[in-house]
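Colleague: Before anything else, here's the structure in question.
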Amino acid sequence: LDHAWEALQPFFKFKVVDGVAGGRFSYRIFIEDDGPHALIHEANYLVEGIEVTAGRSTETVLKVESVTTSDVSVAWPEARVRGSSIVVEGAEAFQWIRPDGTPSWDALVPEETQERTVEIYREVEEAFPWDIALDRFELRGATARVEDRTFPEPLQLAVEEASLVLTDIVTGPGHQWGLSASARPMGDGMAKLEGSVGMVPIRVESEVSLEGLNVGHIQPYLERIAPLDLRAGVLETKGTAIVDPKGDGPTANFAGDLTIQMIDLRETAVGSRVLQWGRVETRGIDASVAPLGLEIASIDIHGAGIDIVVAEDGRVNLIELFGAMAEQSAEEGGGEVSEMPPVAVQAVTLHACSGAYTDRTLTPPFTLALDPVDGTIRGISSEGAGGAQLEIEAPVRSGGLMDLEGEMDLFDPKRLTDLSIDVRQTVLPPISPMSVRYIGHPIAEGTVDIGLRYEITSSELVGSNRFVTDQLALGDKVEGEGMVNLPFKLGVSLLTDKEGHITLEFPIEGNLDDPSFGLGNAIGSAATEIMGELVKSPFRLLGKLGGGSGDEDFGHVEFEAGSGELEITAADKLRTLAAGAEQRPELVLQVAGAYDTEADVAALKEAALEALITERQAADAAVTDGAPSLQLLEDLYRESGAAEDLETRRERHVAAREPVEGETAEPVLDETAYYRDLKEVLAAAQPVDEAQLRELGSARTEAIRALLVDEAGIDVARVQVLDPVAVEPSGDRWVRCRLDVAAGS
């Protein structure tokens, strides 16, 4: 064949370098009324050892052990060809993809040869409308290999043990040929076709099956678009494929089932398994091209799991993965986003799936997992006005149960989402590593129920959040920990009611297209704001719980200067506070009496003077109770040892009286002013020391404690008595004793 090929070599870029052909046939040539006739029959032809190289290269692109043609007959001018069989055995084709991404086979037949071949075929077809029939064409034991040289180490791709049988081959419109084919893609698994094919026009209808194909073969291409490592996976499918000429071009359709088993997909940016599943069964597939669309009756997902991992350096696996994919897309120039083809899935069912969040920045690493996850997603559609219906439930591995229900457009969640998420009786101590990180306290005990409701319409989010804890108890503060600097232990005590519950409810609103809005940040900010306001004004909460308006600050008690006795208003205020404190049994009230170094000193001095006057009046039987006489005050002044003598002080209050006609004006003493002056001087002279002030502060502490404990009945352990403190002079006659709150032990 290499010698025979020399005549055709100028027209092609490949070369037949070996092969031997030989055959035997009978022929007859005769002339009838309509002209000469020729008949070839019983033609049997054998071609062996074919070898073809690519142009000037010595690389072999095709080898064929043999091609056997049996019992062929040709009649001319009838243009009729009949044959029993053509059998090709041991064919092996080899091609490659160049480092620049272009295929080697695009240059084997030059464009001008392709165009000329098409022209010749059309000329012959018009001149001689050949009627060809072949009982059987068979390809046995064929292999096709492609070497992808775009990789530093060329990648080998192959289809092995390929066979093809076409039967009842007849040219002309409308004829369908029998079709049977099989092959081992990449040397494993088995692909089969059984059906029919027609060429004028092209129409294929075939039963398709694929078993045991290892999808790991795509790993080198997968890692080019994302930092992914596909370690395992087996694909199987079975169905009917049809290619049918309709309208402006052929349509293609596949109807059947698809199963992918044992997927193990890992990302290499952080080093984690992002996706796995035991088996995904897709039933009732109806996929079409021209028009493009996909309908699926059901998808059953068994044992699927997705892991979200925060690495030791703080990187999140999914964020890193999507970022790398976006960067790769940008480097390749992106591309226009095509319109979503119609997609519809009647139901997706989850069987014993799982999800996990792992934070490796904590020591030891913290994991929160949902396992198993079961549920259904119904009515998935890319075209419907509504959304898919979701019903999913999953136990929390460490304790608790999660339910998710609602409606969502899975193709555009910002267009339509209406979800309710309920988490019941989730055990909290296992999340202690996270609570230490964010609030600085471990969780010693407790459970939580969470109710979330989110509605999204055209990117506008309206959400409600409800958290109810039961018997929540925080451990001691861990030094150096806590991203939010708030007294959370106090906040927990303020929020915990008599049944040991904490109830938090707050709304969230925002636009998801606003870059500054984030759902997680919004929830965190709202919770932090509630806690911050609470610890800044805890007594407003207690007052409201006790029956107050909620506007009054119950964090202080006022005493009249110099007095340690509760006024009626102050006592009523404390009773309201005590009623509120009863609703928060985890809370400790701290009581510290106070004294004012100006107002209290002045009041105590006045009291000391009144006591001295009372004592003198009691000693003089002739003096009755009542206001002290001027004489008594003058006697006390003389005894006080004042630096200024009494007569001089008296003269200060003597003034000339307005003269009356006919009389001489005499100086007159202003006894009222003189009396008041003496009393003020005598009061100022009374001794008051620090011990008396602290004793007054302690008396006020005891008055508050007695009302809270002895009268209102608060547990004595919940009222902590502190040392009295001096307060800044207020300038009025009332002294404020401030109260404080603390978390119970």
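Quick note on naming: the chains in the structure tokens go A, B, ... in the order shown, residues restart at 1 in each chain, and ligands are numbered from 1 in order of appearance.
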Quick one: everything within 9 Å of range 439-451 of chain A, counting only C-alpha atoms, minus sequence neighbours fewer than 6 positions away in the same chain. Send it as a compact mmCIF listing (two decimals) with C-alpha atoms, in the first residue's frame.
Modeller:
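result-v1.txt, written as the output of this step:
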# COMPACT_ATOMS: atom_id res chain seq x y z
CA GLY A 399 -27.57 16.69 70.78
CA GLY A 400 -30.65 18.37 69.36
CA MET A 402 -33.03 20.72 63.24
CA SER A 420 -38.49 28.49 58.62
CA ILE A 421 -35.63 26.89 60.51
CA ASP A 422 -36.29 25.33 63.90
CA VAL A 423 -33.54 23.89 66.06
CA ARG A 424 -34.79 22.14 69.19
CA GLN A 425 -33.02 21.07 72.37
CA THR A 426 -29.53 21.59 71.03
CA VAL A 427 -27.01 20.77 73.74
CA LEU A 428 -24.72 23.76 74.26
CA PRO A 429 -21.59 22.59 76.16
CA PRO A 430 -20.06 21.00 73.03
CA ILE A 431 -19.82 24.45 71.44
CA SER A 432 -17.74 25.78 74.36
CA PRO A 433 -14.62 26.28 72.20
CA SER A 464 -37.31 37.21 62.61
CA ASN A 465 -35.07 35.40 65.06
CA ARG A 466 -36.08 33.70 68.29
CA PHE A 467 -33.65 32.04 70.67
CA VAL A 468 -34.82 30.27 73.85
CA THR A 469 -32.22 28.71 76.13
CA ASP A 470 -32.87 26.40 79.04
CA GLN A 471 -30.64 26.27 82.12
CA LEU A 472 -27.82 28.11 80.38
CA ALA A 473 -24.75 28.50 82.58
CA LEU A 474 -21.48 30.15 81.60
CA GLY A 475 -18.14 29.23 83.11
CA ASP A 476 -15.58 31.68 84.42
CA LYS A 477 -14.02 34.22 82.08
CA VAL A 478 -11.00 32.91 80.20
CA GLU A 479 -8.32 35.57 80.27
CA GLY A 480 -7.28 36.88 76.88
CA GLU A 481 -10.31 35.39 75.11
CA GLY A 482 -13.51 36.99 73.81
CA MET A 483 -13.86 38.98 70.61
CA VAL A 484 -16.75 41.03 72.04
CA ASN A 485 -15.95 42.92 75.23
CA LEU A 486 -19.25 42.68 77.13
CA PRO A 487 -20.13 41.16 80.53
CA PHE A 488 -21.94 38.18 79.00
CA LYS A 489 -22.18 36.28 82.27
CA ILE A 502 -33.68 33.00 78.26
Colleague: Please identify all polymer residues within 12 Å of Glu111 in chain A, counting only C-alpha atoms, omitting same-chain residues fewer than 4 positions from it, and present them as a PyMOL selection string.
Modeller: chain A and resi 11-13+106-107+115-118
Colleague: Restricting the calculation to only C-alpha atoms: of A:Glu606, A:Glu728, A:Glu615, A:Asp740, which residue gets closest to Val557 in chain A?
Modeller: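 Of A:Glu606, A:Glu728, A:Glu615, A:Asp740, the one nearest Val557 in chain A, counting only C-alpha atoms, is A:Asp740.
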Colleague: Which residue gives the smallest distance to Ile714 in chain A among A:Ala699, A:Leu574, A:Ala347, A:Glu651, with only C-alpha atoms counted?
Modeller: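 Ranked by minimum distance to Ile714 in chain A, first place goes to A:Leu574.
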Colleague: Excluding Glu194 in chain A and any residue of its chain fewer than 2 positions from it, enumerate the residues within 6 Å of it, using only C-alpha atoms, and give them as a list in words.
Modeller: Leu179, Ser180, Ser206 and Glu207 of chain A
Colleague: Using DSSP on the backbone, list every residue of range 362-550 of chain A that comes out as strand (DSSP E), and give them as a ChimeraX atom specification.
Modeller: /A:366-381,388-395,401-408,416-427,443-457,460-474,501-511
Colleague: Quick one: residues within 6 Å of range 669-686 of chain A, only C-alpha atoms, excluding same-chain residues fewer than 3 positions away - as number ranges by chain?
Modeller: A: 605-606, 609, 653-654
Colleague: Kindly save the residues from that selection, with all heavy atoms included, as a PDB file, in the first residue's frame.
Modeller:
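What ended up in result33.pdb:
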ATOM      1  N   LYS A 605     -24.484  67.637 111.783  1.00  0.00           N
ATOM      2  CA  LYS A 605     -24.178  68.734 112.710  1.00  0.00           C
ATOM      3  C   LYS A 605     -25.469  69.335 113.271  1.00  0.00           C
ATOM      4  O   LYS A 605     -25.597  69.617 114.479  1.00  0.00           O
ATOM      5  CB  LYS A 605     -23.339  69.803 112.002  1.00  0.00           C
ATOM      6  CG  LYS A 605     -21.878  69.401 111.776  1.00  0.00           C
ATOM      7  CD  LYS A 605     -21.124  70.490 111.032  1.00  0.00           C
ATOM      8  CE  LYS A 605     -19.655  70.141 110.850  1.00  0.00           C
ATOM      9  NZ  LYS A 605     -18.924  70.184 112.128  1.00  0.00           N
ATOM     10  N   GLU A 606     -26.455  69.529 112.386  1.00  0.00           N
ATOM     11  CA  GLU A 606     -27.737  70.064 112.852  1.00  0.00           C
ATOM     12  C   GLU A 606     -28.381  69.104 113.849  1.00  0.00           C
ATOM     13  O   GLU A 606     -28.939  69.512 114.879  1.00  0.00           O
ATOM     14  CB  GLU A 606     -28.662  70.296 111.665  1.00  0.00           C
ATOM     15  CG  GLU A 606     -28.259  71.467 110.795  1.00  0.00           C
ATOM     16  CD  GLU A 606     -29.224  71.674 109.645  1.00  0.00           C
ATOM     17  OE1 GLU A 606     -30.251  70.958 109.627  1.00  0.00           O
ATOM     18  OE2 GLU A 606     -28.963  72.530 108.790  1.00  0.00           O
ATOM     19  N   LEU A 609     -26.652  69.392 117.241  1.00  0.00           N
ATOM     20  CA  LEU A 609     -27.073  70.584 117.967  1.00  0.00           C
ATOM     21  C   LEU A 609     -28.456  70.385 118.576  1.00  0.00           C
ATOM     22  O   LEU A 609     -28.705  70.747 119.740  1.00  0.00           O
ATOM     23  CB  LEU A 609     -27.057  71.796 117.038  1.00  0.00           C
ATOM     24  CG  LEU A 609     -27.560  73.104 117.653  1.00  0.00           C
ATOM     25  CD1 LEU A 609     -26.696  73.507 118.871  1.00  0.00           C
ATOM     26  CD2 LEU A 609     -27.565  74.211 116.605  1.00  0.00           C
ATOM     27  N   HIS A 653     -26.126  92.469 114.538  1.00  0.00           N
ATOM     28  CA  HIS A 653     -27.549  92.398 114.202  1.00  0.00           C
ATOM     29  C   HIS A 653     -28.347  93.551 114.797  1.00  0.00           C
ATOM     30  O   HIS A 653     -29.581  93.496 114.819  1.00  0.00           O
ATOM     31  CB  HIS A 653     -28.114  91.060 114.704  1.00  0.00           C
ATOM     32  CG  HIS A 653     -27.448  89.879 114.083  1.00  0.00           C
ATOM     33  ND1 HIS A 653     -27.707  89.452 112.808  1.00  0.00           N
ATOM     34  CD2 HIS A 653     -26.478  89.048 114.587  1.00  0.00           C
ATOM     35  CE1 HIS A 653     -26.963  88.404 112.531  1.00  0.00           C
ATOM     36  NE2 HIS A 653     -26.196  88.141 113.601  1.00  0.00           N
ATOM     37  N   VAL A 654     -27.606  94.632 115.299  1.00  0.00           N
ATOM     38  CA  VAL A 654     -28.270  95.829 115.825  1.00  0.00           C
ATOM     39  C   VAL A 654     -28.247  96.893 114.739  1.00  0.00           C
ATOM     40  O   VAL A 654     -27.200  97.162 114.153  1.00  0.00           O
ATOM     41  CB  VAL A 654     -27.586  96.350 117.100  1.00  0.00           C
ATOM     42  CG1 VAL A 654     -28.209  97.679 117.539  1.00  0.00           C
ATOM     43  CG2 VAL A 654     -27.692  95.316 118.213  1.00  0.00           C
TER      44      VAL A 654
END
Colleague: Using only C-alpha atoms, which protein or nucleic acid residues come within 8 Å of Ile456 in chain A? Drop anything in the same chain fewer than 6 positions from it, and give the result as a ChimeraX atom specification.
Modeller: /A:413-418,462
Colleague: Go ahead and save the picked residues with C-alpha atoms, as a PDB file, in the first residue's frame.
Modeller:
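Result file selection-v5.pdb:
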ATOM      1  CA  PRO A 413     -32.662  32.571  46.151  1.00  0.00           C
ATOM      2  CA  LYS A 414     -32.655  36.379  46.235  1.00  0.00           C
ATOM      3  CA  ARG A 415     -35.769  36.404  44.049  1.00  0.00           C
ATOM      4  CA  LEU A 416     -37.827  34.186  46.343  1.00  0.00           C
ATOM      5  CA  THR A 417     -37.075  32.621  49.699  1.00  0.00           C
ATOM      6  CA  ASP A 418     -39.492  31.833  52.510  1.00  0.00           C
ATOM      7  CA  VAL A 462     -37.349  40.506  56.292  1.00  0.00           C
TER       8      VAL A 462
END
Colleague: Nearest residue to Ile704 in chain A out of A:Ala611, A:Leu541, A:Leu228, A:Ala571, using only C-alpha atoms?
Modeller: A:Ala571
Colleague: In Å, how far is it from CA of Pro10 in chain A to CA of Gln95 in chain A?
Modeller: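 Computing it gives 21.2 Å between the two atoms.
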Colleague: What is the distance between CA of Glu48 in chain A and CA of Ala4 in chain A, in Å to one decimal?
Modeller: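 We find that CA of Glu48 in chain A and CA of Ala4 in chain A lie 14.3 Å from each other.
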Colleague: Could you tell me how far CA of Ala394 in chain A lies from CA of Arg283 in chain A, in Å and to one decimal?
Modeller: 24.7 Å
Colleague: Could you check the closest approach to Leu108 in chain A for each of A:Val52, A:Val17, A:Leu722, A:Ala691 and tell me which residue wins, using only C-alpha atoms?
Modeller: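 Closest to Leu108 in chain A, using only C-alpha atoms: A:Val52.
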Colleague: Would you pick out the contacts of Asp551 in chain A at 10 Å or less, using only C-alpha atoms, so that residues sharing its chain but fewer than 6 positions from it are not included, and give the list as a PyMOL selection string?
Modeller: chain A and resi 539-541+543-544
Colleague: As an MDAnalysis selection string, please: the residues near Glu695 in chain A (cut-off 9 Å, only C-alpha atoms, same-chain neighbours under 5 positions excluded).
Modeller: chainID A and resid 690 700 724
